[in-house]
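**Q** Just input_32.cif, nothing more (mmCIF, N, CA and C atoms):
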```cif
data_data
loop_
_atom_site.label_atom_id
_atom_site.label_comp_id
_atom_site.auth_asym_id
_atom_site.auth_seq_id
_atom_site.Cartn_x
_atom_site.Cartn_y
_atom_site.Cartn_z
N MET A 9 27.49 25.59 -14.71
CA MET A 9 27.11 26.05 -13.38
C MET A 9 27.19 24.88 -12.41
N VAL A 10 27.85 25.08 -11.32
CA VAL A 10 27.99 24.05 -10.30
C VAL A 10 26.95 24.32 -9.21
N LEU A 11 26.16 23.30 -8.94
CA LEU A 11 25.15 23.42 -7.89
C LEU A 11 25.75 22.95 -6.58
N ARG A 12 25.78 23.82 -5.63
CA ARG A 12 26.34 23.46 -4.32
C ARG A 12 25.32 22.63 -3.54
N ARG A 13 25.83 21.69 -2.78
CA ARG A 13 24.98 20.78 -2.03
C ARG A 13 24.06 21.50 -1.06
N ARG A 14 24.52 22.58 -0.48
CA ARG A 14 23.70 23.27 0.52
C ARG A 14 22.46 23.90 -0.09
N TRP A 15 22.42 24.05 -1.42
CA TRP A 15 21.26 24.65 -2.08
C TRP A 15 20.23 23.61 -2.49
N VAL A 16 20.54 22.35 -2.39
CA VAL A 16 19.64 21.31 -2.90
C VAL A 16 18.32 21.28 -2.12
N VAL A 17 18.39 21.18 -0.81
CA VAL A 17 17.16 21.09 -0.01
C VAL A 17 16.31 22.36 -0.15
N PRO A 18 16.90 23.57 -0.03
CA PRO A 18 16.06 24.76 -0.23
C PRO A 18 15.43 24.82 -1.62
N LEU A 19 16.15 24.39 -2.64
CA LEU A 19 15.59 24.41 -4.00
C LEU A 19 14.48 23.36 -4.14
N LEU A 20 14.65 22.21 -3.53
CA LEU A 20 13.58 21.20 -3.56
C LEU A 20 12.33 21.71 -2.85
N LEU A 21 12.51 22.36 -1.71
CA LEU A 21 11.37 22.92 -0.99
C LEU A 21 10.70 24.03 -1.78
N LEU A 22 11.49 24.88 -2.41
CA LEU A 22 10.93 25.94 -3.24
C LEU A 22 10.13 25.35 -4.40
N GLY A 23 10.68 24.32 -5.03
CA GLY A 23 9.95 23.65 -6.11
C GLY A 23 8.65 23.04 -5.63
N ALA A 24 8.68 22.44 -4.45
CA ALA A 24 7.45 21.85 -3.88
C ALA A 24 6.41 22.92 -3.61
N LEU A 25 6.82 24.04 -3.05
CA LEU A 25 5.88 25.14 -2.78
C LEU A 25 5.29 25.69 -4.07
N MET A 26 6.12 25.84 -5.08
CA MET A 26 5.63 26.32 -6.37
C MET A 26 4.63 25.33 -6.97
N HIS A 27 4.95 24.06 -6.85
CA HIS A 27 4.07 23.02 -7.38
C HIS A 27 2.74 23.01 -6.64
N LEU A 28 2.78 23.12 -5.32
CA LEU A 28 1.55 23.14 -4.53
C LEU A 28 0.70 24.37 -4.84
N SER A 29 1.36 25.51 -5.12
CA SER A 29 0.58 26.72 -5.43
C SER A 29 -0.16 26.55 -6.75
N VAL A 30 0.42 25.86 -7.70
CA VAL A 30 -0.26 25.60 -8.97
C VAL A 30 -1.38 24.59 -8.77
N PHE A 31 -1.18 23.64 -7.88
CA PHE A 31 -2.19 22.63 -7.59
C PHE A 31 -3.43 23.23 -6.96
N ALA A 32 -3.35 24.47 -6.48
CA ALA A 32 -4.52 25.10 -5.86
C ALA A 32 -5.65 25.28 -6.86
N TYR A 33 -5.31 25.29 -8.13
CA TYR A 33 -6.32 25.46 -9.17
C TYR A 33 -6.80 24.10 -9.64
N ASP A 34 -8.06 24.04 -10.04
CA ASP A 34 -8.58 22.79 -10.60
C ASP A 34 -7.83 22.48 -11.88
N SER A 35 -7.60 21.19 -12.08
CA SER A 35 -6.90 20.79 -13.29
C SER A 35 -7.48 19.49 -13.80
N VAL A 36 -7.23 19.22 -15.04
CA VAL A 36 -7.68 17.96 -15.63
C VAL A 36 -6.98 16.80 -14.93
N ASP A 37 -5.66 16.94 -14.71
CA ASP A 37 -4.93 15.87 -14.04
C ASP A 37 -5.48 15.60 -12.65
N GLY A 38 -5.83 16.64 -11.93
CA GLY A 38 -6.39 16.46 -10.59
C GLY A 38 -7.66 15.64 -10.62
N ASP A 39 -8.54 15.91 -11.57
CA ASP A 39 -9.77 15.13 -11.69
C ASP A 39 -9.48 13.68 -12.07
N ILE A 40 -8.47 13.49 -12.92
CA ILE A 40 -8.10 12.12 -13.31
C ILE A 40 -7.57 11.36 -12.10
N PHE A 41 -6.69 12.00 -11.31
CA PHE A 41 -6.17 11.34 -10.12
C PHE A 41 -7.29 11.02 -9.13
N LEU A 42 -8.23 11.93 -8.98
CA LEU A 42 -9.37 11.68 -8.10
C LEU A 42 -10.20 10.50 -8.60
N ALA A 43 -10.40 10.44 -9.89
CA ALA A 43 -11.17 9.33 -10.47
C ALA A 43 -10.48 8.00 -10.23
N TRP A 44 -9.20 7.95 -10.50
CA TRP A 44 -8.47 6.70 -10.31
C TRP A 44 -8.45 6.31 -8.83
N SER A 45 -8.21 7.28 -7.97
CA SER A 45 -8.14 6.98 -6.54
C SER A 45 -9.47 6.47 -6.02
N GLN A 46 -10.56 7.14 -6.37
CA GLN A 46 -11.88 6.72 -5.91
C GLN A 46 -12.19 5.31 -6.40
N HIS A 47 -11.89 5.03 -7.66
CA HIS A 47 -12.14 3.69 -8.21
C HIS A 47 -11.28 2.65 -7.48
N ALA A 48 -10.00 2.99 -7.24
CA ALA A 48 -9.09 2.06 -6.57
C ALA A 48 -9.55 1.77 -5.15
N VAL A 49 -10.04 2.77 -4.45
CA VAL A 49 -10.53 2.56 -3.08
C VAL A 49 -11.79 1.70 -3.10
N ASP A 50 -12.69 1.98 -4.03
CA ASP A 50 -13.95 1.24 -4.09
C ASP A 50 -13.79 -0.19 -4.57
N ARG A 51 -12.90 -0.39 -5.57
CA ARG A 51 -12.83 -1.71 -6.22
C ARG A 51 -11.44 -2.35 -6.23
N GLY A 52 -10.42 -1.61 -5.76
CA GLY A 52 -9.06 -2.14 -5.78
C GLY A 52 -8.27 -1.62 -6.97
N ALA A 53 -7.00 -1.34 -6.75
CA ALA A 53 -6.16 -0.79 -7.83
C ALA A 53 -6.02 -1.76 -9.00
N ALA A 54 -6.04 -3.06 -8.72
CA ALA A 54 -5.88 -4.05 -9.78
C ALA A 54 -7.02 -3.98 -10.80
N THR A 55 -8.18 -3.50 -10.39
CA THR A 55 -9.32 -3.44 -11.32
C THR A 55 -9.26 -2.23 -12.24
N LEU A 56 -8.24 -1.40 -12.10
CA LEU A 56 -8.11 -0.24 -12.99
C LEU A 56 -7.63 -0.63 -14.38
N TYR A 57 -7.05 -1.80 -14.50
CA TYR A 57 -6.60 -2.28 -15.81
C TYR A 57 -7.62 -3.25 -16.37
N GLY A 58 -7.48 -3.57 -17.65
CA GLY A 58 -8.38 -4.52 -18.30
C GLY A 58 -8.26 -5.90 -17.67
N HIS A 59 -9.17 -6.80 -18.03
CA HIS A 59 -9.19 -8.15 -17.46
C HIS A 59 -9.25 -9.18 -18.57
N GLY A 60 -8.89 -10.40 -18.23
CA GLY A 60 -9.00 -11.51 -19.17
C GLY A 60 -8.14 -11.29 -20.40
N GLU A 61 -8.72 -11.55 -21.56
CA GLU A 61 -7.98 -11.40 -22.82
C GLU A 61 -7.66 -9.94 -23.13
N ALA A 62 -8.41 -9.04 -22.55
CA ALA A 62 -8.22 -7.62 -22.85
C ALA A 62 -7.41 -6.90 -21.77
N TRP A 63 -6.56 -7.63 -21.04
CA TRP A 63 -5.84 -7.00 -19.93
C TRP A 63 -4.86 -5.94 -20.39
N LEU A 64 -4.43 -5.99 -21.62
CA LEU A 64 -3.53 -4.95 -22.14
C LEU A 64 -4.29 -3.77 -22.74
N ALA A 65 -5.58 -3.95 -22.93
CA ALA A 65 -6.37 -2.87 -23.51
C ALA A 65 -6.52 -1.73 -22.51
N PRO A 66 -6.53 -0.49 -23.00
CA PRO A 66 -6.72 0.63 -22.07
C PRO A 66 -8.06 0.51 -21.36
N SER A 67 -8.04 0.78 -20.10
CA SER A 67 -9.25 0.73 -19.30
C SER A 67 -9.73 2.16 -19.08
N THR A 68 -10.99 2.32 -18.78
CA THR A 68 -11.54 3.64 -18.48
C THR A 68 -12.30 3.59 -17.16
N VAL A 69 -12.39 4.75 -16.54
CA VAL A 69 -13.09 4.91 -15.26
C VAL A 69 -14.02 6.10 -15.41
N THR A 70 -15.24 5.98 -14.91
CA THR A 70 -16.19 7.09 -14.94
C THR A 70 -16.18 7.79 -13.58
N TYR A 71 -16.10 9.12 -13.64
CA TYR A 71 -16.04 9.91 -12.41
C TYR A 71 -16.61 11.29 -12.71
N ARG A 72 -17.57 11.73 -11.91
CA ARG A 72 -18.21 13.04 -12.10
C ARG A 72 -18.65 13.26 -13.55
N ASP A 73 -19.31 12.29 -14.09
CA ASP A 73 -19.85 12.33 -15.46
C ASP A 73 -18.77 12.43 -16.53
N ALA A 74 -17.54 12.11 -16.20
CA ALA A 74 -16.46 12.11 -17.19
C ALA A 74 -15.87 10.70 -17.26
N VAL A 75 -15.48 10.32 -18.45
CA VAL A 75 -14.83 9.03 -18.64
C VAL A 75 -13.35 9.31 -18.84
N VAL A 76 -12.52 8.75 -17.96
CA VAL A 76 -11.08 8.98 -18.04
C VAL A 76 -10.36 7.67 -18.29
N ARG A 77 -9.32 7.74 -19.08
CA ARG A 77 -8.53 6.57 -19.45
C ARG A 77 -7.48 6.30 -18.37
N VAL A 78 -7.26 5.03 -18.08
CA VAL A 78 -6.25 4.63 -17.10
C VAL A 78 -4.97 4.30 -17.86
N ASP A 79 -3.93 5.13 -17.65
CA ASP A 79 -2.68 4.93 -18.40
C ASP A 79 -1.44 5.22 -17.55
N TYR A 80 -1.55 5.00 -16.26
CA TYR A 80 -0.42 5.23 -15.36
C TYR A 80 0.17 3.91 -14.92
N PRO A 81 1.43 3.91 -14.47
CA PRO A 81 2.04 2.66 -14.00
C PRO A 81 1.40 2.17 -12.70
N PRO A 82 1.48 0.88 -12.46
CA PRO A 82 0.80 0.30 -11.30
C PRO A 82 1.17 0.92 -9.96
N PHE A 83 2.46 1.23 -9.72
CA PHE A 83 2.83 1.78 -8.41
C PHE A 83 2.11 3.08 -8.14
N ALA A 84 1.98 3.93 -9.15
CA ALA A 84 1.28 5.21 -8.96
C ALA A 84 -0.18 4.97 -8.60
N LEU A 85 -0.80 3.98 -9.21
CA LEU A 85 -2.20 3.68 -8.92
C LEU A 85 -2.36 3.08 -7.52
N VAL A 86 -1.39 2.28 -7.10
CA VAL A 86 -1.43 1.74 -5.73
C VAL A 86 -1.25 2.87 -4.73
N LEU A 87 -0.40 3.85 -5.05
CA LEU A 87 -0.23 5.02 -4.18
C LEU A 87 -1.55 5.80 -4.07
N LEU A 88 -2.23 5.98 -5.19
CA LEU A 88 -3.53 6.67 -5.17
C LEU A 88 -4.54 5.90 -4.32
N GLU A 89 -4.50 4.57 -4.41
CA GLU A 89 -5.40 3.76 -3.59
C GLU A 89 -5.05 3.93 -2.11
N ALA A 90 -3.77 3.94 -1.78
CA ALA A 90 -3.35 4.08 -0.39
C ALA A 90 -3.80 5.42 0.19
N VAL A 91 -3.64 6.49 -0.58
CA VAL A 91 -4.06 7.82 -0.11
C VAL A 91 -5.57 7.85 0.07
N GLY A 92 -6.30 7.29 -0.87
CA GLY A 92 -7.76 7.25 -0.75
C GLY A 92 -8.23 6.43 0.44
N THR A 93 -7.57 5.30 0.67
CA THR A 93 -7.93 4.46 1.81
C THR A 93 -7.61 5.17 3.12
N TRP A 94 -6.46 5.83 3.17
CA TRP A 94 -6.06 6.58 4.36
C TRP A 94 -7.10 7.68 4.64
N HIS A 95 -7.49 8.41 3.60
CA HIS A 95 -8.48 9.48 3.76
C HIS A 95 -9.81 8.91 4.26
N ARG A 96 -10.24 7.81 3.67
CA ARG A 96 -11.51 7.21 4.08
C ARG A 96 -11.47 6.73 5.53
N SER A 97 -10.31 6.20 5.96
CA SER A 97 -10.21 5.73 7.34
C SER A 97 -10.22 6.90 8.33
N LEU A 98 -9.70 8.05 7.91
CA LEU A 98 -9.68 9.23 8.79
C LEU A 98 -11.02 9.95 8.85
N THR A 99 -11.71 10.02 7.71
CA THR A 99 -12.91 10.84 7.63
C THR A 99 -14.19 10.06 7.42
N GLY A 100 -14.07 8.84 6.92
CA GLY A 100 -15.26 8.06 6.60
C GLY A 100 -15.90 8.48 5.29
N ALA A 101 -15.28 9.42 4.59
CA ALA A 101 -15.84 9.94 3.34
C ALA A 101 -15.04 9.46 2.14
N GLY A 102 -15.71 9.35 1.02
CA GLY A 102 -15.02 9.01 -0.22
C GLY A 102 -14.38 10.23 -0.84
N ALA A 103 -13.58 9.99 -1.85
CA ALA A 103 -12.86 11.09 -2.50
C ALA A 103 -13.80 12.10 -3.14
N ALA A 104 -14.87 11.61 -3.73
CA ALA A 104 -15.77 12.50 -4.46
C ALA A 104 -16.49 13.48 -3.54
N SER A 105 -16.59 13.12 -2.27
CA SER A 105 -17.40 13.94 -1.38
C SER A 105 -16.58 14.86 -0.48
N SER A 106 -15.26 14.95 -0.70
CA SER A 106 -14.46 15.69 0.27
C SER A 106 -13.37 16.53 -0.39
N PRO A 107 -13.42 17.84 -0.19
CA PRO A 107 -12.33 18.68 -0.71
C PRO A 107 -11.02 18.45 0.04
N THR A 108 -11.10 17.95 1.28
CA THR A 108 -9.87 17.66 2.01
C THR A 108 -9.10 16.52 1.35
N PHE A 109 -9.81 15.65 0.66
CA PHE A 109 -9.12 14.57 -0.04
C PHE A 109 -8.25 15.13 -1.16
N GLU A 110 -8.76 16.12 -1.87
CA GLU A 110 -7.97 16.73 -2.94
C GLU A 110 -6.68 17.31 -2.39
N ILE A 111 -6.77 17.98 -1.25
CA ILE A 111 -5.58 18.57 -0.63
C ILE A 111 -4.61 17.48 -0.21
N LEU A 112 -5.11 16.45 0.45
CA LEU A 112 -4.26 15.35 0.88
C LEU A 112 -3.58 14.68 -0.31
N LEU A 113 -4.33 14.43 -1.35
CA LEU A 113 -3.79 13.79 -2.54
C LEU A 113 -2.69 14.63 -3.17
N LYS A 114 -2.94 15.92 -3.30
CA LYS A 114 -1.95 16.80 -3.92
C LYS A 114 -0.67 16.90 -3.09
N VAL A 115 -0.81 16.98 -1.78
CA VAL A 115 0.37 17.05 -0.90
C VAL A 115 1.19 15.77 -1.01
N VAL A 116 0.53 14.62 -1.00
CA VAL A 116 1.25 13.35 -1.11
C VAL A 116 1.93 13.23 -2.47
N LEU A 117 1.26 13.61 -3.54
CA LEU A 117 1.86 13.54 -4.87
C LEU A 117 3.09 14.43 -4.97
N VAL A 118 3.00 15.64 -4.46
CA VAL A 118 4.14 16.55 -4.49
C VAL A 118 5.28 16.01 -3.64
N ALA A 119 4.97 15.44 -2.48
CA ALA A 119 6.00 14.87 -1.62
C ALA A 119 6.75 13.74 -2.33
N PHE A 120 6.01 12.89 -3.05
CA PHE A 120 6.66 11.82 -3.79
C PHE A 120 7.49 12.36 -4.95
N GLN A 121 7.03 13.41 -5.60
CA GLN A 121 7.81 14.00 -6.68
C GLN A 121 9.11 14.61 -6.15
N VAL A 122 9.03 15.31 -5.03
CA VAL A 122 10.23 15.90 -4.43
C VAL A 122 11.19 14.79 -3.99
N ALA A 123 10.66 13.73 -3.40
CA ALA A 123 11.52 12.62 -2.97
C ALA A 123 12.19 11.96 -4.18
N THR A 124 11.47 11.82 -5.27
CA THR A 124 12.04 11.24 -6.48
C THR A 124 13.17 12.10 -7.02
N VAL A 125 12.95 13.40 -7.08
CA VAL A 125 14.00 14.32 -7.54
C VAL A 125 15.20 14.24 -6.61
N GLY A 126 14.96 14.18 -5.31
CA GLY A 126 16.06 14.07 -4.35
C GLY A 126 16.86 12.79 -4.55
N LEU A 127 16.18 11.67 -4.78
CA LEU A 127 16.87 10.41 -5.02
C LEU A 127 17.69 10.46 -6.31
N ILE A 128 17.13 11.05 -7.34
CA ILE A 128 17.87 11.19 -8.60
C ILE A 128 19.11 12.05 -8.38
N PHE A 129 18.97 13.14 -7.63
CA PHE A 129 20.11 14.01 -7.34
C PHE A 129 21.20 13.24 -6.61
N VAL A 130 20.84 12.49 -5.59
CA VAL A 130 21.82 11.71 -4.82
C VAL A 130 22.50 10.68 -5.71
N PHE A 131 21.73 10.00 -6.54
CA PHE A 131 22.29 9.00 -7.44
C PHE A 131 23.29 9.63 -8.40
N VAL A 132 22.91 10.74 -9.02
CA VAL A 132 23.81 11.41 -9.96
C VAL A 132 25.04 11.93 -9.25
N LEU A 133 24.86 12.48 -8.09
CA LEU A 133 25.98 13.01 -7.32
C LEU A 133 26.99 11.91 -6.99
N ARG A 134 26.50 10.76 -6.58
CA ARG A 134 27.40 9.67 -6.20
C ARG A 134 28.06 8.99 -7.39
N HIS A 135 27.43 9.04 -8.54
CA HIS A 135 27.97 8.36 -9.70
C HIS A 135 28.64 9.29 -10.71
N SER A 136 28.74 10.54 -10.39
CA SER A 136 29.33 11.49 -11.33
C SER A 136 30.83 11.69 -11.13
N THR A 137 31.38 11.21 -10.03
CA THR A 137 32.81 11.41 -9.80
C THR A 137 33.59 10.14 -10.00
#
```
If you took the structure in this file and wrote it as structure tokens, what would it be?
**A**
Amino acid sequence: MVLRRRWVVPLLLLGALMHLSVFAYDSVDGDIFLAWSQHAVDRGAATLYGHGEAWLAPSTVTYRDAVVRVDYPPFALVLLEAVGTWHRSLTGAGAASSPTFEILLKVVLVAFQVATVGLIFVFVLRHST
């Protein structure tokens, strides 16, 4: 099947809408992202990993009475910190106290996923001929 270029943007938008509709429900991943983001805003993204001799050891963060393991790459955690900081500067509220933060976080995450898929598509398109 050959995918025509004119269908790429509509398909990416459709995928984003489908993804956002699923994000409307509470999920374990959503709580984990909220935990990491809140911790990163409060203490800095660098503190999400271990320190000293144990810097390679998995780190954990406590959020809403749950302990979650930190196992994402640094750029993703810096992105979560940026979204949390942006939200706090707009509202003055932390992630734990605001449902608008969940919406903002989910929209930004989906936007980055769509952008990543778009970049992969462009790369493959340019290198496939």
**Q** Quote the spacing between atom C of A:Val115 and atom N of A:Ser67 in Å to one decimal place.
**A** 26.0 Å
**Q** Just so the selection is clear, what residues does the PyMOL selection byres (((chain A and resi 88 and name CA) around 8) and name CA) cover here, as an MDAnalysis selection string?
**A** chainID A and resid 41 44:45 48 84:87 89:92 113
**Q** Store the residues of this selection in a file with N, CA and C atoms, as a PDB file, in the frame of the given file.
**A**
```
ATOM      1  N   PHE A  41      -6.690  12.000 -11.310  1.00  0.00           N
ATOM      2  CA  PHE A  41      -6.170  11.340 -10.120  1.00  0.00           C
ATOM      3  C   PHE A  41      -7.290  11.020  -9.130  1.00  0.00           C
ATOM      4  N   TRP A  44      -9.200   7.950 -10.500  1.00  0.00           N
ATOM      5  CA  TRP A  44      -8.470   6.700 -10.310  1.00  0.00           C
ATOM      6  C   TRP A  44      -8.450   6.310  -8.830  1.00  0.00           C
ATOM      7  N   SER A  45      -8.210   7.280  -7.970  1.00  0.00           N
ATOM      8  CA  SER A  45      -8.140   6.980  -6.540  1.00  0.00           C
ATOM      9  C   SER A  45      -9.470   6.470  -6.020  1.00  0.00           C
ATOM     10  N   ALA A  48     -10.000   2.990  -7.240  1.00  0.00           N
ATOM     11  CA  ALA A  48      -9.090   2.060  -6.570  1.00  0.00           C
ATOM     12  C   ALA A  48      -9.550   1.770  -5.150  1.00  0.00           C
ATOM     13  N   ALA A  84       1.980   3.930  -9.150  1.00  0.00           N
ATOM     14  CA  ALA A  84       1.280   5.210  -8.960  1.00  0.00           C
ATOM     15  C   ALA A  84      -0.180   4.970  -8.600  1.00  0.00           C
ATOM     16  N   LEU A  85      -0.800   3.980  -9.210  1.00  0.00           N
ATOM     17  CA  LEU A  85      -2.200   3.680  -8.920  1.00  0.00           C
ATOM     18  C   LEU A  85      -2.360   3.080  -7.520  1.00  0.00           C
ATOM     19  N   VAL A  86      -1.390   2.280  -7.100  1.00  0.00           N
ATOM     20  CA  VAL A  86      -1.430   1.740  -5.730  1.00  0.00           C
ATOM     21  C   VAL A  86      -1.250   2.870  -4.730  1.00  0.00           C
ATOM     22  N   LEU A  87      -0.400   3.850  -5.050  1.00  0.00           N
ATOM     23  CA  LEU A  87      -0.230   5.020  -4.180  1.00  0.00           C
ATOM     24  C   LEU A  87      -1.550   5.800  -4.070  1.00  0.00           C
ATOM     25  N   GLU A  89      -4.500   4.570  -4.410  1.00  0.00           N
ATOM     26  CA  GLU A  89      -5.400   3.760  -3.590  1.00  0.00           C
ATOM     27  C   GLU A  89      -5.050   3.930  -2.110  1.00  0.00           C
ATOM     28  N   ALA A  90      -3.770   3.940  -1.780  1.00  0.00           N
ATOM     29  CA  ALA A  90      -3.350   4.080  -0.390  1.00  0.00           C
ATOM     30  C   ALA A  90      -3.800   5.420   0.190  1.00  0.00           C
ATOM     31  N   VAL A  91      -3.640   6.490  -0.580  1.00  0.00           N
ATOM     32  CA  VAL A  91      -4.060   7.820  -0.110  1.00  0.00           C
ATOM     33  C   VAL A  91      -5.570   7.850   0.070  1.00  0.00           C
ATOM     34  N   GLY A  92      -6.300   7.290  -0.870  1.00  0.00           N
ATOM     35  CA  GLY A  92      -7.760   7.250  -0.750  1.00  0.00           C
ATOM     36  C   GLY A  92      -8.230   6.430   0.440  1.00  0.00           C
ATOM     37  N   LEU A 113      -4.330  14.430  -1.350  1.00  0.00           N
ATOM     38  CA  LEU A 113      -3.790  13.790  -2.540  1.00  0.00           C
ATOM     39  C   LEU A 113      -2.690  14.630  -3.170  1.00  0.00           C
TER      40      LEU A 113
END
```
**Q** Here is a test: counting only C-alpha atoms, which residue of A:Leu133, A:Val69, A:Ala119, A:Leu112 is nearest to A:Thr93?
**A**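 Using only C-alpha atoms, the shortest distance to A:Thr93 belongs to A:Leu112.
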**Q** Kindly give the distance, in Å, that separates atom C of A:Val76 and atom N of A:Gly100, rounded to a single decimal.
**A**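 Here the two named atoms are 25.5 Å from each other.
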**Q** For atom C of A:Val16 and atom CA of A:Thr124, determine how far apart the two atoms are, in Å to one decimal place.
**A**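 Here the two named atoms are 12.6 Å from each other.
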**Q** Pick out the closest residue to A:His27 from this set: A:Val118, A:Thr99, A:Leu56, A:Ile40. Count only N, CA and C atoms.
**A**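 Nearest candidate to A:His27 out of A:Val118, A:Thr99, A:Leu56, A:Ile40: A:Val118.
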**Q** Report as an MDAnalysis selection string the residues that result from applying the PyMOL selection byres (((chain A and resi 23 and name CA) around 12) and name CA) to the structure here.
**A** chainID A and resid 16:22 24:30 118:119 121:123 125:126
**Q** Keeping only N, CA and C atoms, take the residues you just selected and write them out as a PDB file, in the coordinates of the input.
**A**
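Once written, part12.pdb looks like this:
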```pdb
ATOM      1  N   VAL A  16      20.540  22.350  -2.390  1.00  0.00           N
ATOM      2  CA  VAL A  16      19.640  21.310  -2.900  1.00  0.00           C
ATOM      3  C   VAL A  16      18.320  21.280  -2.120  1.00  0.00           C
ATOM      4  N   VAL A  17      18.390  21.180  -0.810  1.00  0.00           N
ATOM      5  CA  VAL A  17      17.160  21.090  -0.010  1.00  0.00           C
ATOM      6  C   VAL A  17      16.310  22.360  -0.150  1.00  0.00           C
ATOM      7  N   PRO A  18      16.900  23.570  -0.030  1.00  0.00           N
ATOM      8  CA  PRO A  18      16.060  24.760  -0.230  1.00  0.00           C
ATOM      9  C   PRO A  18      15.430  24.820  -1.620  1.00  0.00           C
ATOM     10  N   LEU A  19      16.150  24.390  -2.640  1.00  0.00           N
ATOM     11  CA  LEU A  19      15.590  24.410  -4.000  1.00  0.00           C
ATOM     12  C   LEU A  19      14.480  23.360  -4.140  1.00  0.00           C
ATOM     13  N   LEU A  20      14.650  22.210  -3.530  1.00  0.00           N
ATOM     14  CA  LEU A  20      13.580  21.200  -3.560  1.00  0.00           C
ATOM     15  C   LEU A  20      12.330  21.710  -2.850  1.00  0.00           C
ATOM     16  N   LEU A  21      12.510  22.360  -1.710  1.00  0.00           N
ATOM     17  CA  LEU A  21      11.370  22.920  -0.990  1.00  0.00           C
ATOM     18  C   LEU A  21      10.700  24.030  -1.780  1.00  0.00           C
ATOM     19  N   LEU A  22      11.490  24.880  -2.410  1.00  0.00           N
ATOM     20  CA  LEU A  22      10.930  25.940  -3.240  1.00  0.00           C
ATOM     21  C   LEU A  22      10.130  25.350  -4.400  1.00  0.00           C
ATOM     22  N   ALA A  24       8.680  22.440  -4.450  1.00  0.00           N
ATOM     23  CA  ALA A  24       7.450  21.850  -3.880  1.00  0.00           C
ATOM     24  C   ALA A  24       6.410  22.920  -3.610  1.00  0.00           C
ATOM     25  N   LEU A  25       6.820  24.040  -3.050  1.00  0.00           N
ATOM     26  CA  LEU A  25       5.880  25.140  -2.780  1.00  0.00           C
ATOM     27  C   LEU A  25       5.290  25.690  -4.070  1.00  0.00           C
ATOM     28  N   MET A  26       6.120  25.840  -5.080  1.00  0.00           N
ATOM     29  CA  MET A  26       5.630  26.320  -6.370  1.00  0.00           C
ATOM     30  C   MET A  26       4.630  25.330  -6.970  1.00  0.00           C
ATOM     31  N   HIS A  27       4.950  24.060  -6.850  1.00  0.00           N
ATOM     32  CA  HIS A  27       4.070  23.020  -7.380  1.00  0.00           C
ATOM     33  C   HIS A  27       2.740  23.010  -6.640  1.00  0.00           C
ATOM     34  N   LEU A  28       2.780  23.120  -5.320  1.00  0.00           N
ATOM     35  CA  LEU A  28       1.550  23.140  -4.530  1.00  0.00           C
ATOM     36  C   LEU A  28       0.700  24.370  -4.840  1.00  0.00           C
ATOM     37  N   SER A  29       1.360  25.510  -5.120  1.00  0.00           N
ATOM     38  CA  SER A  29       0.580  26.720  -5.430  1.00  0.00           C
ATOM     39  C   SER A  29      -0.160  26.550  -6.750  1.00  0.00           C
ATOM     40  N   VAL A  30       0.420  25.860  -7.700  1.00  0.00           N
ATOM     41  CA  VAL A  30      -0.260  25.600  -8.970  1.00  0.00           C
ATOM     42  C   VAL A  30      -1.380  24.590  -8.770  1.00  0.00           C
ATOM     43  N   VAL A 118       3.000  15.640  -4.460  1.00  0.00           N
ATOM     44  CA  VAL A 118       4.140  16.550  -4.490  1.00  0.00           C
ATOM     45  C   VAL A 118       5.280  16.010  -3.640  1.00  0.00           C
ATOM     46  N   ALA A 119       4.970  15.440  -2.480  1.00  0.00           N
ATOM     47  CA  ALA A 119       6.000  14.870  -1.620  1.00  0.00           C
ATOM     48  C   ALA A 119       6.750  13.740  -2.330  1.00  0.00           C
ATOM     49  N   GLN A 121       7.030  13.410  -5.600  1.00  0.00           N
ATOM     50  CA  GLN A 121       7.810  14.000  -6.680  1.00  0.00           C
ATOM     51  C   GLN A 121       9.110  14.610  -6.150  1.00  0.00           C
ATOM     52  N   VAL A 122       9.030  15.310  -5.030  1.00  0.00           N
ATOM     53  CA  VAL A 122      10.230  15.900  -4.430  1.00  0.00           C
ATOM     54  C   VAL A 122      11.190  14.790  -3.990  1.00  0.00           C
ATOM     55  N   ALA A 123      10.660  13.730  -3.400  1.00  0.00           N
ATOM     56  CA  ALA A 123      11.520  12.620  -2.970  1.00  0.00           C
ATOM     57  C   ALA A 123      12.190  11.960  -4.180  1.00  0.00           C
ATOM     58  N   VAL A 125      12.950  13.400  -7.080  1.00  0.00           N
ATOM     59  CA  VAL A 125      14.000  14.320  -7.540  1.00  0.00           C
ATOM     60  C   VAL A 125      15.200  14.240  -6.610  1.00  0.00           C
ATOM     61  N   GLY A 126      14.960  14.180  -5.310  1.00  0.00           N
ATOM     62  CA  GLY A 126      16.060  14.070  -4.350  1.00  0.00           C
ATOM     63  C   GLY A 126      16.860  12.790  -4.550  1.00  0.00           C
TER      64      GLY A 126
END
```
**Q** Kindly indicate which residue among A:Tyr71, A:Phe109, A:Trp15, A:Phe83 lies nearest to A:Ala53, using only C-alpha atoms for the distances.
**A**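 Under the stated criterion, the closest residue is A:Phe83.
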**Q** Which of these residues is nearest to A:Leu117, using only C-alpha atoms: A:Phe129, A:Arg14, A:Arg72, A:Leu42?
**A**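 Ranking A:Phe129, A:Arg14, A:Arg72, A:Leu42 by distance to A:Leu117, first place goes to A:Leu42.
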